[in-house]
file structure-v3.cif (mmCIF, C-alpha atoms and all ligand atoms)
data_start
loop_
_atom_site.label_atom_id
_atom_site.label_comp_id
_atom_site.auth_asym_id
_atom_site.auth_seq_id
_atom_site.Cartn_x
_atom_site.Cartn_y
_atom_site.Cartn_z
CA MET F 28 0.00 0.00 0.00
CA SER F 29 1.21 3.51 -0.76
CA TYR F 30 0.52 6.42 1.61
CA ASP F 31 -0.02 10.11 1.05
CA ALA F 32 2.48 10.86 3.82
CA ILE F 33 4.83 9.06 6.17
CA VAL F 34 5.75 10.71 9.45
CA ALA F 35 9.21 9.65 10.65
CA GLY F 36 9.35 9.87 14.46
CA LEU F 37 6.22 10.05 16.62
CA GLY F 38 7.24 12.25 19.54
CA GLY F 39 5.93 15.74 20.23
CA MET F 40 6.08 17.10 16.70
CA GLY F 41 5.44 13.86 14.77
CA SER F 42 2.32 12.94 16.74
CA ALA F 43 0.90 16.40 15.97
CA ALA F 44 1.81 16.14 12.28
CA ALA F 45 0.12 12.73 12.02
CA TYR F 46 -3.03 14.20 13.55
CA HIS F 47 -3.18 17.25 11.28
CA LEU F 48 -2.48 15.20 8.15
CA ALA F 49 -5.15 12.63 9.08
CA ALA F 50 -7.60 15.46 9.81
CA ARG F 51 -7.13 16.60 6.20
CA GLY F 52 -8.15 13.16 4.98
CA LYS F 53 -4.61 12.04 4.09
CA ARG F 54 -3.58 8.41 4.25
CA VAL F 55 -0.91 8.65 6.93
CA LEU F 56 1.66 6.17 8.18
CA GLY F 57 3.53 7.14 11.35
CA LEU F 58 6.71 5.25 12.25
CA GLU F 59 8.31 5.34 15.70
CA ARG F 60 11.38 3.44 16.87
CA TYR F 61 10.22 3.15 20.50
CA THR F 62 6.93 2.45 22.30
CA PRO F 63 4.16 5.10 22.39
CA VAL F 64 4.91 8.05 24.73
CA HIS F 65 8.36 6.77 25.74
CA ASP F 66 10.96 8.61 27.82
CA ARG F 67 14.04 8.26 25.60
CA GLY F 68 13.53 11.35 23.48
CA SER F 69 12.63 14.93 24.37
CA SER F 70 8.88 14.94 25.12
CA HIS F 71 8.59 13.43 28.60
CA GLY F 72 8.74 14.67 32.20
CA GLN F 73 5.20 15.69 33.15
CA SER F 74 5.23 19.37 32.18
CA ARG F 75 6.54 21.92 29.69
CA ILE F 76 6.38 25.68 30.12
CA ILE F 77 4.14 27.60 27.73
CA ARG F 78 4.31 31.41 27.51
CA GLN F 79 3.62 34.14 24.99
CA ALA F 80 6.00 37.01 25.90
CA TYR F 81 8.84 35.30 24.11
CA PHE F 82 12.34 36.53 24.95
CA GLU F 83 13.94 34.29 22.33
CA ASP F 84 12.44 36.39 19.48
CA PRO F 85 9.16 38.27 18.91
CA ALA F 86 8.74 36.32 15.66
CA TYR F 87 7.52 33.34 17.71
CA VAL F 88 4.50 35.18 19.10
CA PRO F 89 2.04 34.65 16.19
CA LEU F 90 2.87 30.94 16.26
CA LEU F 91 2.29 30.85 20.01
CA LEU F 92 -1.13 32.43 19.67
CA ARG F 93 -2.11 29.71 17.21
CA ALA F 94 -0.46 27.02 19.37
CA TYR F 95 -2.72 28.02 22.29
CA GLU F 96 -5.82 27.80 20.08
CA LEU F 97 -4.84 24.36 18.85
CA TRP F 98 -4.04 23.02 22.35
CA GLU F 99 -7.48 24.23 23.46
CA ARG F 100 -9.09 22.59 20.44
CA LEU F 101 -7.32 19.32 21.20
CA GLU F 102 -8.54 19.51 24.80
CA GLU F 103 -12.10 19.92 23.54
CA GLU F 104 -11.76 17.06 21.08
CA THR F 105 -10.29 14.60 23.58
CA GLY F 106 -11.68 15.80 26.92
CA GLU F 107 -8.10 15.72 28.28
CA LYS F 108 -6.59 18.47 30.44
CA LEU F 109 -3.49 19.37 28.44
CA MET F 110 -2.76 22.98 29.38
CA THR F 111 -2.90 24.84 32.71
CA LEU F 112 -2.55 28.62 32.57
CA ASN F 113 -1.48 29.52 36.09
CA GLY F 114 0.59 32.54 35.00
CA GLY F 115 4.31 33.00 34.48
CA LEU F 116 7.13 35.02 36.06
CA MET F 117 10.30 35.92 34.16
CA ILE F 118 12.69 37.05 36.90
CA GLY F 119 16.08 38.69 36.50
CA PRO F 120 17.93 41.92 35.91
CA PRO F 121 15.71 44.49 34.16
CA ASP F 122 18.16 44.70 31.26
CA GLY F 123 18.87 40.94 31.11
CA ALA F 124 17.91 38.78 28.11
CA LEU F 125 14.94 37.21 29.92
CA VAL F 126 13.08 40.25 31.25
CA SER F 127 13.96 42.78 28.57
CA GLY F 128 13.46 40.25 25.74
CA SER F 129 10.09 39.12 27.11
CA ALA F 130 8.94 42.73 27.55
CA GLY F 131 10.14 43.64 24.06
CA SER F 132 8.23 40.83 22.38
CA ALA F 133 5.11 41.56 24.47
CA ASP F 134 5.28 45.26 23.52
CA GLU F 135 5.71 44.45 19.86
CA HIS F 136 2.63 42.22 19.86
CA GLY F 137 0.47 44.08 22.38
CA LEU F 138 0.53 41.29 24.98
CA PRO F 139 -0.43 42.33 28.53
CA TYR F 140 2.12 42.02 31.34
CA GLU F 141 3.08 43.54 34.65
CA ILE F 142 6.53 44.37 36.06
CA LEU F 143 7.08 43.65 39.78
CA ASP F 144 10.10 44.89 41.69
CA ALA F 145 11.93 42.49 44.02
CA SER F 146 9.98 43.44 47.15
CA GLU F 147 6.61 43.18 45.39
CA LEU F 148 7.64 39.79 43.97
CA LYS F 149 8.49 38.54 47.46
CA ARG F 150 5.32 40.03 48.92
CA ARG F 151 3.11 38.22 46.41
CA TYR F 152 5.15 35.03 46.26
CA PRO F 153 7.05 34.55 49.55
CA ILE F 154 8.94 31.48 48.20
CA PHE F 155 11.42 33.78 46.41
CA GLU F 156 14.60 35.42 47.71
CA PRO F 157 15.26 37.61 44.67
CA ASP F 158 18.39 39.68 44.16
CA PRO F 159 17.49 43.23 45.33
CA GLU F 160 17.91 44.66 41.83
CA ALA F 161 15.93 41.87 40.14
CA VAL F 162 12.47 42.48 38.67
CA ALA F 163 9.81 40.06 37.49
CA LEU F 164 7.69 40.24 34.38
CA TYR F 165 4.34 38.64 35.19
CA GLU F 166 2.32 37.21 32.31
CA GLU F 167 -1.17 35.94 33.04
CA ARG F 168 -1.50 33.67 30.00
CA ALA F 169 1.55 31.54 30.74
CA GLY F 170 1.60 28.14 32.39
CA PHE F 171 2.39 24.59 31.40
CA VAL F 172 1.34 21.84 29.02
CA ARG F 173 1.48 18.11 29.76
CA PRO F 174 3.78 16.48 27.20
CA GLU F 175 2.87 12.82 27.67
CA ALA F 176 -0.85 13.64 27.61
CA GLY F 177 -0.32 15.88 24.57
CA VAL F 178 1.45 13.17 22.58
CA ARG F 179 -1.21 10.63 23.58
CA ALA F 180 -4.02 13.01 22.62
CA HIS F 181 -2.48 13.57 19.19
CA PHE F 182 -2.12 9.78 18.74
CA ASP F 183 -5.71 9.15 19.75
CA ARG F 184 -7.07 11.75 17.37
CA ALA F 185 -4.77 10.67 14.53
CA SER F 186 -5.76 7.02 14.94
CA SER F 187 -9.45 7.74 15.11
CA LEU F 188 -9.10 9.77 11.90
CA GLY F 189 -7.54 6.75 10.19
CA ALA F 190 -3.78 7.23 10.60
CA GLU F 191 -1.77 4.03 10.87
CA LEU F 192 0.79 4.38 13.68
CA ARG F 193 3.52 1.79 14.01
CA PHE F 194 5.77 1.58 17.05
CA GLU F 195 9.05 -0.20 17.77
CA GLU F 196 9.90 0.07 14.09
CA ARG F 197 13.06 2.07 13.46
CA ILE F 198 13.58 3.78 10.14
CA THR F 199 16.98 2.90 8.74
CA SER F 200 16.96 5.03 5.55
CA TRP F 201 14.83 6.86 3.02
CA GLU F 202 15.27 7.82 -0.61
CA THR F 203 13.30 9.90 -3.04
CA ASN F 204 11.91 8.36 -6.22
CA SER F 205 9.68 9.41 -9.13
CA SER F 206 6.47 8.92 -7.13
CA GLY F 207 7.69 10.47 -3.90
CA VAL F 208 9.70 8.64 -1.30
CA ARG F 209 10.60 5.14 -0.17
CA VAL F 210 11.27 4.52 3.51
CA GLU F 211 13.16 1.48 4.81
CA THR F 212 12.68 0.25 8.35
CA GLU F 213 14.22 -2.64 10.27
CA ARG F 214 11.13 -4.67 9.31
CA SER F 215 9.77 -3.46 6.00
CA SER F 216 9.72 -0.76 3.35
CA TYR F 217 6.97 1.74 2.56
CA GLU F 218 6.17 4.20 -0.23
CA ALA F 219 4.51 7.59 0.07
CA GLU F 220 4.15 10.84 -1.83
CA ARG F 221 5.52 12.86 1.08
CA LEU F 222 7.76 12.33 4.07
CA VAL F 223 7.79 14.38 7.28
CA VAL F 224 11.00 14.00 9.29
CA SER F 225 10.34 14.76 12.97
CA ALA F 226 13.03 12.63 14.58
CA GLY F 227 14.07 14.89 17.48
CA ALA F 228 17.58 14.09 18.71
CA TRP F 229 18.00 11.66 15.80
CA ALA F 230 17.27 14.28 13.13
CA GLY F 231 20.97 14.61 12.31
CA GLU F 232 21.06 10.89 11.47
CA LEU F 233 17.89 10.85 9.31
CA LEU F 234 18.85 14.11 7.58
CA ALA F 235 22.56 13.39 7.24
CA GLY F 236 22.67 14.60 3.62
CA LEU F 237 21.51 18.05 4.67
CA GLY F 238 24.48 18.70 6.95
CA LEU F 239 22.50 20.61 9.58
CA PRO F 240 24.79 21.69 12.45
CA LEU F 241 22.66 20.11 15.20
CA GLU F 242 24.13 19.49 18.65
CA VAL F 243 22.36 17.14 21.06
CA THR F 244 22.86 17.91 24.75
CA ARG F 245 22.02 15.94 27.88
CA GLN F 246 19.58 17.86 30.12
CA LEU F 247 18.32 17.07 33.58
CA LEU F 248 14.95 17.43 35.27
CA PHE F 249 14.64 17.32 39.06
CA TRP F 250 11.68 17.07 41.41
CA PHE F 251 12.14 18.34 44.97
CA ARG F 252 9.77 18.07 47.92
CA PRO F 253 9.75 21.58 49.40
CA GLU F 254 10.66 22.01 53.04
CA GLY F 255 7.56 22.94 55.00
CA GLY F 256 5.24 21.25 52.50
CA VAL F 257 4.07 21.66 48.95
CA LYS F 258 1.10 23.99 49.55
CA PRO F 259 2.87 27.26 48.62
CA TYR F 260 3.91 25.50 45.39
CA ALA F 261 0.45 24.57 44.15
CA PRO F 262 -0.36 25.99 40.68
CA GLU F 263 -3.10 28.12 42.28
CA ARG F 264 -0.48 29.74 44.52
CA VAL F 265 2.55 30.23 42.30
CA PRO F 266 3.01 30.61 38.55
CA ILE F 267 5.63 28.87 36.44
CA TRP F 268 8.85 30.85 36.61
CA ILE F 269 12.22 31.28 34.93
CA TYR F 270 15.03 32.97 36.88
CA GLU F 271 18.05 34.59 35.23
CA PRO F 272 20.67 34.89 37.98
CA ASP F 273 23.72 37.13 37.77
CA ASP F 274 25.89 34.38 36.22
CA GLY F 275 23.32 33.95 33.41
CA ASN F 276 22.55 30.26 34.23
CA MET F 277 18.79 30.45 33.77
CA PHE F 278 16.82 27.93 35.79
CA TYR F 279 13.09 27.39 36.03
CA SER F 280 10.30 25.60 37.80
CA VAL F 281 6.84 24.24 37.22
CA PRO F 282 4.68 24.01 40.34
CA ALA F 283 3.34 20.81 41.87
CA VAL F 284 1.25 19.35 39.04
CA ASP F 285 -1.97 17.39 39.57
CA GLY F 286 -1.70 16.98 43.35
CA GLU F 287 1.93 15.76 43.38
CA ASP F 288 3.98 16.53 46.50
CA SER F 289 7.07 17.60 44.55
CA VAL F 290 8.06 20.55 42.40
CA LYS F 291 10.04 20.45 39.18
CA ALA F 292 13.26 22.41 38.72
CA ALA F 293 15.75 22.45 35.86
CA PHE F 294 18.33 24.58 34.14
CA PHE F 295 17.33 26.08 30.84
CA ARG F 296 20.77 25.55 29.30
CA ALA F 297 23.46 25.74 31.98
CA ASP F 298 24.03 22.02 32.58
CA GLY F 299 23.77 20.70 28.99
CA LYS F 300 26.71 18.52 27.90
CA PRO F 301 27.00 17.23 24.32
CA ALA F 302 25.55 13.72 24.11
CA ASP F 303 24.91 10.91 21.65
CA PRO F 304 21.22 9.86 21.82
CA GLU F 305 22.28 6.20 21.47
CA SER F 306 24.67 6.19 24.41
CA ILE F 307 23.55 9.10 26.62
CA ASP F 308 24.31 8.71 30.34
CA ARG F 309 20.89 8.42 32.02
CA GLU F 310 22.22 8.30 35.57
CA ILE F 311 22.01 11.43 37.69
CA HIS F 312 25.21 12.24 39.59
CA ASP F 313 25.49 13.78 43.06
CA GLU F 314 27.42 16.81 41.84
CA GLU F 315 24.61 17.55 39.36
CA VAL F 316 22.05 17.58 42.15
CA GLU F 317 24.33 19.80 44.24
CA PHE F 318 24.75 22.22 41.33
CA ILE F 319 21.03 22.98 41.05
CA ARG F 320 20.63 22.95 44.84
CA GLY F 321 23.07 25.88 44.99
CA TYR F 322 20.70 28.02 42.88
CA LEU F 323 17.58 26.92 44.78
CA ALA F 324 19.22 27.55 48.16
CA ARG F 325 20.03 31.10 47.13
CA HIS F 326 16.83 32.14 45.36
CA VAL F 327 14.01 29.73 46.38
CA PRO F 328 15.32 28.26 49.65
CA SER F 329 12.26 26.26 50.74
CA MET F 330 12.32 24.38 47.45
CA ASN F 331 15.68 22.88 48.36
CA GLY F 332 14.16 19.86 50.15
CA ASP F 333 14.39 16.11 49.48
CA LEU F 334 15.11 15.03 45.93
CA VAL F 335 12.11 12.91 44.90
CA ASP F 336 12.93 12.10 41.27
CA ALA F 337 15.22 13.10 38.43
CA LYS F 338 15.27 12.32 34.71
CA THR F 339 17.49 12.90 31.70
CA CYS F 340 16.20 14.43 28.49
CA MET F 341 17.80 15.84 25.34
CA TYR F 342 17.90 19.21 23.66
CA THR F 343 18.67 19.26 19.92
CA ASN F 344 20.29 22.64 19.47
CA THR F 345 20.95 24.80 16.46
CA PRO F 346 23.80 27.37 16.72
CA ASP F 347 21.30 30.28 17.00
CA GLU F 348 18.79 28.27 19.09
CA HIS F 349 16.01 28.86 16.55
CA PHE F 350 14.07 25.94 15.06
CA VAL F 351 14.40 24.33 11.64
CA ILE F 352 10.97 23.99 9.98
CA SER F 353 10.90 23.81 6.21
CA THR F 354 10.65 21.68 3.15
CA HIS F 355 13.96 19.99 2.35
CA PRO F 356 16.01 22.37 0.16
CA GLU F 357 16.77 19.60 -2.37
CA HIS F 358 13.68 17.39 -2.07
CA PRO F 359 10.39 19.33 -1.85
CA GLN F 360 8.48 16.13 -1.00
CA ILE F 361 10.32 16.00 2.33
CA SER F 362 9.34 18.31 5.22
CA ILE F 363 11.55 18.81 8.24
CA ALA F 364 10.94 19.79 11.87
CA ALA F 365 14.18 19.73 13.86
CA GLY F 366 16.53 21.64 16.14
CA PHE F 367 13.94 22.72 18.70
CA SER F 368 16.80 23.83 20.99
CA GLY F 369 15.06 23.13 24.30
CA HIS F 370 12.01 25.34 23.77
CA GLY F 371 9.87 23.46 21.23
CA TYR F 372 7.22 21.51 23.09
CA LYS F 373 4.76 24.37 23.58
CA PHE F 374 4.71 24.74 19.77
CA CYS F 375 3.90 21.09 18.92
CA SER F 376 0.26 21.82 18.20
CA VAL F 377 1.06 24.52 15.63
CA VAL F 378 4.12 22.77 14.22
CA GLY F 379 1.85 19.81 13.43
CA GLU F 380 -0.37 22.17 11.46
CA ILE F 381 2.63 23.71 9.64
CA LEU F 382 4.04 20.29 8.76
CA ALA F 383 0.65 19.27 7.36
CA ASP F 384 0.64 22.50 5.28
CA LEU F 385 4.14 21.83 3.96
CA ALA F 386 3.43 18.18 3.20
CA THR F 387 0.12 18.99 1.51
CA ASP F 388 0.76 22.27 -0.33
CA GLY F 389 4.54 22.72 -0.15
CA LYS F 390 4.00 26.01 1.70
CA THR F 391 2.32 27.50 4.77
CA GLU F 392 0.67 30.78 5.72
CA HIS F 393 2.42 30.65 9.10
CA PRO F 394 5.49 32.88 9.49
CA ILE F 395 8.39 30.41 9.46
CA GLU F 396 11.08 32.49 7.72
CA LEU F 397 13.23 32.43 10.89
CA PHE F 398 13.39 28.64 10.68
CA SER F 399 14.95 28.14 7.26
CA PRO F 400 17.69 25.46 7.22
CA THR F 401 19.74 27.43 4.71
CA ARG F 402 20.56 30.06 7.37
CA LEU F 403 22.63 27.39 9.10
CA THR F 404 24.65 26.19 6.15
CA ASN F 405 27.91 27.76 7.29
CA ALA F 406 27.01 28.22 10.96
CA THR F 407 29.23 26.91 13.76
CA TYR F 408 28.85 26.77 17.54
CA GLY F 409 30.50 29.59 19.45
C1 LIG J 501 14.64 18.83 30.04
C2 LIG J 501 13.84 19.49 28.99
C3 LIG J 501 12.98 20.52 29.32
C4 LIG J 501 12.25 21.19 28.34
N1 LIG J 501 11.39 22.19 28.71
C5 LIG J 501 10.62 22.78 27.78
C6 LIG J 501 9.64 23.70 28.16
O1 LIG J 501 9.47 24.00 29.35
N2 LIG J 501 8.86 24.26 27.19
C7 LIG J 501 9.00 23.93 25.88
O2 LIG J 501 8.28 24.46 25.04
N3 LIG J 501 9.92 23.02 25.48
C8 LIG J 501 10.72 22.45 26.40
N4 LIG J 501 11.64 21.50 26.03
C9 LIG J 501 11.85 21.21 24.61
C10 LIG J 501 10.81 20.27 24.04
O3 LIG J 501 10.50 19.27 24.96
C11 LIG J 501 11.35 19.71 22.73
O4 LIG J 501 11.71 20.79 21.88
C12 LIG J 501 10.31 18.86 22.02
O5 LIG J 501 9.80 17.90 22.91
C13 LIG J 501 10.95 18.19 20.82
O6 LIG J 501 10.00 17.36 20.18
P1 LIG J 501 10.43 16.43 18.97
O7 LIG J 501 9.20 15.88 18.40
O8 LIG J 501 11.39 17.20 18.10
O9 LIG J 501 11.32 15.28 19.65
P2 LIG J 501 10.80 13.92 20.33
O10 LIG J 501 9.57 14.15 21.09
O11 LIG J 501 11.98 13.31 21.01
O12 LIG J 501 10.37 13.03 19.08
C14 LIG J 501 11.26 12.48 18.15
C15 LIG J 501 10.82 11.05 17.94
O13 LIG J 501 11.45 10.50 16.80
C16 LIG J 501 11.70 9.15 17.09
N5 LIG J 501 12.73 8.66 16.15
C17 LIG J 501 13.98 9.14 16.04
N6 LIG J 501 14.66 8.47 15.08
C18 LIG J 501 13.80 7.56 14.58
C19 LIG J 501 13.93 6.57 13.57
N7 LIG J 501 15.08 6.36 12.91
N8 LIG J 501 12.85 5.78 13.29
C20 LIG J 501 11.67 5.97 13.97
N9 LIG J 501 11.52 6.89 14.95
C21 LIG J 501 12.57 7.68 15.24
C22 LIG J 501 12.15 9.19 18.54
O14 LIG J 501 12.10 7.92 19.15
C23 LIG J 501 11.17 10.17 19.12
O15 LIG J 501 10.00 9.55 19.60
C24 LIG J 501 12.38 20.81 26.99
C25 LIG J 501 13.23 19.76 26.65
C26 LIG J 501 13.94 19.10 27.64
C27 LIG J 501 14.86 17.96 27.23
#
call {"tool": "encode", "arguments": {"input": "structure-v3.cif", "output": "structure tokens"}}
result
Amino acid sequence: MSYDAIVAGLGGMGSAAAYHLAARGKRVLGLERYTPVHDRGSSHGQSRIIRQAYFEDPAYVPLLLRAYELWERLEEETGEKLMTLNGGLMIGPPDGALVSGSAGSADEHGLPYEILDASELKRRYPIFEPDPEAVALYEERAGFVRPEAGVRAHFDRASSLGAELRFEERITSWETNSSGVRVETERSSYEAERLVVSAGAWAGELLAGLGLPLEVTRQLLFWFRPEGGVKPYAPERVPIWIYEPDDGNMFYSVPAVDGEDSVKAAFFRADGKPADPESIDREIHDEEVEFIRGYLARHVPSMNGDLVDAKTCMYTNTPDEHFVISTHPEHPQISIAAGFSGHGYKFCSVVGEILADLATDGKTEHPIELFSPTRLTNATYG
């Protein structure tokens, strides 16, 4: 049987692409090397921050607005709670990348926000010990999405719309031909008119011919049980937050999700070491726990309680930390979603829509100019 489209890799982005393609009546085959909703890629760990005032670049804001709409639509379609908007705090020096970049993108797009000085931040949210000169940008429509539930919801919708999803079937190669593309797996081979490559940390392997300068890094997620109890860390009491300390090592937290007694903390980039997705070290080492404890002890002391759990995950970074979303420069029947550089999950819903546009029409109305792979042709890491 030949398909309209094959989706290579069914994690955050691929599950969304399979759904959007199936919703357009396409015959879709999704292929995934691991089991459904596994924890060996980049879309696991209970929660992912979602926010609109986007310090990374204002160009993301229109995509975020659509991403919110599509997450809400998916919630309605599945009855699943996928997104919780409990607000967000971007804390740091007023002229730092986090606060000034978030404010700049909010101003450019007319997004509402509030600036709190350090004493007002502490008054409203007593968990913090901010630097005296720090300020916080508060955004009401920030919060978190649930990655495992999001992937599952996209699978459920895709399957009920007729997509064929195959797990534990690794793609070994693909090649273009006169009718589209032929994909080889460890078990079989398949033909389709279009191929979507959404392979996360393995994108470099499946897109080797493109020579994208992708760097996979090992990232850690920690859950701590706050001293004095979890109550002040309930989503009703405290928003998600990102803190930019004076050494620039941004770290963040998502409050106690769904009645859990622990709170998530992680570095945004500070602890990422280059890693091979096949041989990544999944053990957490004492010195790594101590490293994040140092930041919690200084800025959110009551969070520095017992370590309840920790997990490894992977970022797939581009040199400029912007995504790659495009048709393949040499093969227009191939669409690519890669290099999400540690901030992609919140966009899965809209990236699925964009990938369906690219695979169906070869173009999209969404603004994706920033994500062209050709910008990276001669790029190197600093
Ligand atoms: C610790 C951590 C914290 C993060 N926090 C946030 C956050 O707060 N907010 C946010 O927006 N983003 C965040 N991110 C980033 C976000 O999670 C990722 O950008 C996003 O999940 C990437 O999705 P993906 O589909 O590209 O990768 P994945 O979800 O990993 O999917 C790729 C899939 O392809 C499969 N695959 C690969 N090769 C093959 C093959 N040959 N054959 C078949 N299948 C294959 C893999 O098994 C995998 O399932 C975080 C990431 C990490 C690691």
call {"tool": "residues_near_ligand", "arguments": {"input": "structure-v3.cif", "ligand": "ligand LIG 501 (chain J)", "cutoff": "7 Å", "atoms": "only C-alpha atoms and all ligand atoms", "output": "MDAnalysis selection string"}}
result
chainID F and resid 35:41 58:61 65 67:70 74:77 196:199 225:230 233 246:248 293 339:342 364:365 367:374
call {"tool": "closest_residue", "arguments": {"input": "structure-v3.cif", "among": "F:Met110, F:Ala45, F:Ile307, F:Met28", "to": "F:Asp285", "atoms": "all atoms listed in the file"}}
result
F:Met110
call {"tool": "residues_around", "arguments": {"input": "structure-v3.cif", "residues": "F:Ser129", "least_positions_apart": "2", "cutoff": "6 Å", "atoms": "only C-alpha atoms", "output": "JSON, numbers by chain"}}
result
{"F": [80, 81, 82, 125, 126, 127, 131, 132]}
call {"tool": "residues_around", "arguments": {"input": "structure-v3.cif", "residues": "F:Pro259", "least_positions_apart": "5", "cutoff": "12 Å", "atoms": "all atoms listed in the file", "output": "MDAnalysis selection string"}}
result
chainID F and resid 151:155 252:254 264:266 282:283 288:290 327 329:330
call {"tool": "closest_atom_pairs", "arguments": {"input": "structure-v3.cif", "of": "stretch 313-376 of chain F", "to": "stretch 387-397 of chain F", "cutoff": "12 Å", "atoms": "all atoms listed in the file", "output": "CSV"}}
result
residue,atom,partner,partner_atom,distance
F:Asp347,CA,F:Leu397,CA,10.3
F:Glu348,CA,F:Leu397,CA,10.7
F:His349,CA,F:Leu397,CA,7.2
F:Phe350,CA,F:Leu397,CA,7.8
F:Val351,CA,F:Leu397,CA,8.2
F:Ile352,CA,F:Ile395,CA,6.9
F:Ser353,CA,F:Ile395,CA,7.8
F:Thr354,CA,F:Gly389,CA,7.0
F:His355,CA,F:Gly389,CA,10.1
F:Pro356,CA,F:Gly389,CA,11.5
F:His358,CA,F:Gly389,CA,10.8
F:Pro359,CA,F:Gly389,CA,7.0
F:Gln360,CA,F:Gly389,CA,7.7
F:Ile361,CA,F:Gly389,CA,9.2
F:Ser362,CA,F:Gly389,CA,8.4
F:Ile363,CA,F:Gly389,CA,11.6
F:Ala364,CA,F:Ile395,CA,11.2
call {"tool": "atom_distance", "arguments": {"input": "structure-v3.cif", "atom1": "atom CA of F:Thr401", "atom2": "atom CA of F:Leu91"}}
result
23.5 Å
call {"tool": "closest_atom_pairs", "arguments": {"input": "structure-v3.cif", "of": "stretch 52-100 of chain F", "to": "stretch 331-338 of chain F", "cutoff": "10 Å", "atoms": "all atoms listed in the file", "output": "CSV"}}
result
residue,atom,partner,partner_atom,distance
F:Asp66,CA,F:Lys338,CA,8.9
F:His71,CA,F:Lys338,CA,9.1
F:Gly72,CA,F:Lys338,CA,7.4
call {"tool": "atom_distance", "arguments": {"input": "structure-v3.cif", "atom1": "atom CA of F:Ser376", "atom2": "atom CA of F:Tyr140"}}
result
24.2 Å
call {"tool": "closest_residue", "arguments": {"input": "structure-v3.cif", "among": "F:Arg320, F:Arg245, F:Arg402, F:Arg296", "to": "F:Ile269", "atoms": "all atoms listed in the file"}}
result
F:Arg296
call {"tool": "atom_distance", "arguments": {"input": "structure-v3.cif", "atom1": "atom CA of F:Val162", "atom2": "atom CA of F:Phe278"}}
result
15.5 Å
call {"tool": "residues_around", "arguments": {"input": "structure-v3.cif", "residues": "F:Pro159", "least_positions_apart": "2", "cutoff": "10 Å", "atoms": "only C-alpha atoms", "output": "list in words"}}
result
Pro120, Asp144, Ala145, Ser146, Glu156, Pro157, Ala161 and Val162 of chain F
call {"tool": "residues_around", "arguments": {"input": "structure-v3.cif", "residues": "F:His136", "least_positions_apart": "5", "cutoff": "10 Å", "atoms": "only C-alpha atoms", "output": "VMD selection string"}}
result
chain F and resid 79 to 80 85 to 86 88 to 89 130 to 131
call {"tool": "closest_residue", "arguments": {"input": "structure-v3.cif", "among": "F:Ala190, F:Ala124, F:Ala219, F:Leu164", "to": "F:Tyr30", "atoms": "all atoms listed in the file"}}
result
F:Ala219
call {"tool": "closest_residue", "arguments": {"input": "structure-v3.cif", "among": "F:Ile267, F:Ala235, F:Leu403, F:Ala32", "to": "F:Val208", "atoms": "all atoms listed in the file"}}
result
F:Ala32
call {"tool": "closest_residue", "arguments": {"input": "structure-v3.cif", "among": "F:Asp308, F:Glu317, F:Glu175, F:Glu357", "to": "F:Thr203", "atoms": "all atoms listed in the file"}}
result
F:Glu357
call {"tool": "closest_residue", "arguments": {"input": "structure-v3.cif", "among": "F:Leu239, F:Val316, F:Ile311, F:Val284", "to": "F:Lys258", "atoms": "all atoms listed in the file"}}
result
F:Val284
call {"tool": "residues_around", "arguments": {"input": "structure-v3.cif", "residues": "stretch 47-51 of chain F", "least_positions_apart": "2", "cutoff": "10 Å", "atoms": "all atoms listed in the file", "output": "ChimeraX atom specification"}}
result
/F:31-34,41-45,53-56,181,184-191,376-384,386-387
call {"tool": "write_last_selection", "arguments": {"input": "structure-v3.cif", "atoms": "C-alpha atoms", "output": "mmCIF file, keeping the file's coordinate frame"}}
result
data_model
loop_
_atom_site.group_PDB
_atom_site.id
_atom_site.type_symbol
_atom_site.label_atom_id
_atom_site.label_comp_id
_atom_site.auth_asym_id
_atom_site.auth_seq_id
_atom_site.Cartn_x
_atom_site.Cartn_y
_atom_site.Cartn_z
ATOM 1 C CA ASP F 31 -0.020 10.110 1.050
ATOM 2 C CA ALA F 32 2.480 10.860 3.820
ATOM 3 C CA ILE F 33 4.830 9.060 6.170
ATOM 4 C CA VAL F 34 5.750 10.710 9.450
ATOM 5 C CA GLY F 41 5.440 13.860 14.770
ATOM 6 C CA SER F 42 2.320 12.940 16.740
ATOM 7 C CA ALA F 43 0.900 16.400 15.970
ATOM 8 C CA ALA F 44 1.810 16.140 12.280
ATOM 9 C CA ALA F 45 0.120 12.730 12.020
ATOM 10 C CA LYS F 53 -4.610 12.040 4.090
ATOM 11 C CA ARG F 54 -3.580 8.410 4.250
ATOM 12 C CA VAL F 55 -0.910 8.650 6.930
ATOM 13 C CA LEU F 56 1.660 6.170 8.180
ATOM 14 C CA HIS F 181 -2.480 13.570 19.190
ATOM 15 C CA ARG F 184 -7.070 11.750 17.370
ATOM 16 C CA ALA F 185 -4.770 10.670 14.530
ATOM 17 C CA SER F 186 -5.760 7.020 14.940
ATOM 18 C CA SER F 187 -9.450 7.740 15.110
ATOM 19 C CA LEU F 188 -9.100 9.770 11.900
ATOM 20 C CA GLY F 189 -7.540 6.750 10.190
ATOM 21 C CA ALA F 190 -3.780 7.230 10.600
ATOM 22 C CA GLU F 191 -1.770 4.030 10.870
ATOM 23 C CA SER F 376 0.260 21.820 18.200
ATOM 24 C CA VAL F 377 1.060 24.520 15.630
ATOM 25 C CA VAL F 378 4.120 22.770 14.220
ATOM 26 C CA GLY F 379 1.850 19.810 13.430
ATOM 27 C CA GLU F 380 -0.370 22.170 11.460
ATOM 28 C CA ILE F 381 2.630 23.710 9.640
ATOM 29 C CA LEU F 382 4.040 20.290 8.760
ATOM 30 C CA ALA F 383 0.650 19.270 7.360
ATOM 31 C CA ASP F 384 0.640 22.500 5.280
ATOM 32 C CA ALA F 386 3.430 18.180 3.200
ATOM 33 C CA THR F 387 0.120 18.990 1.510
#
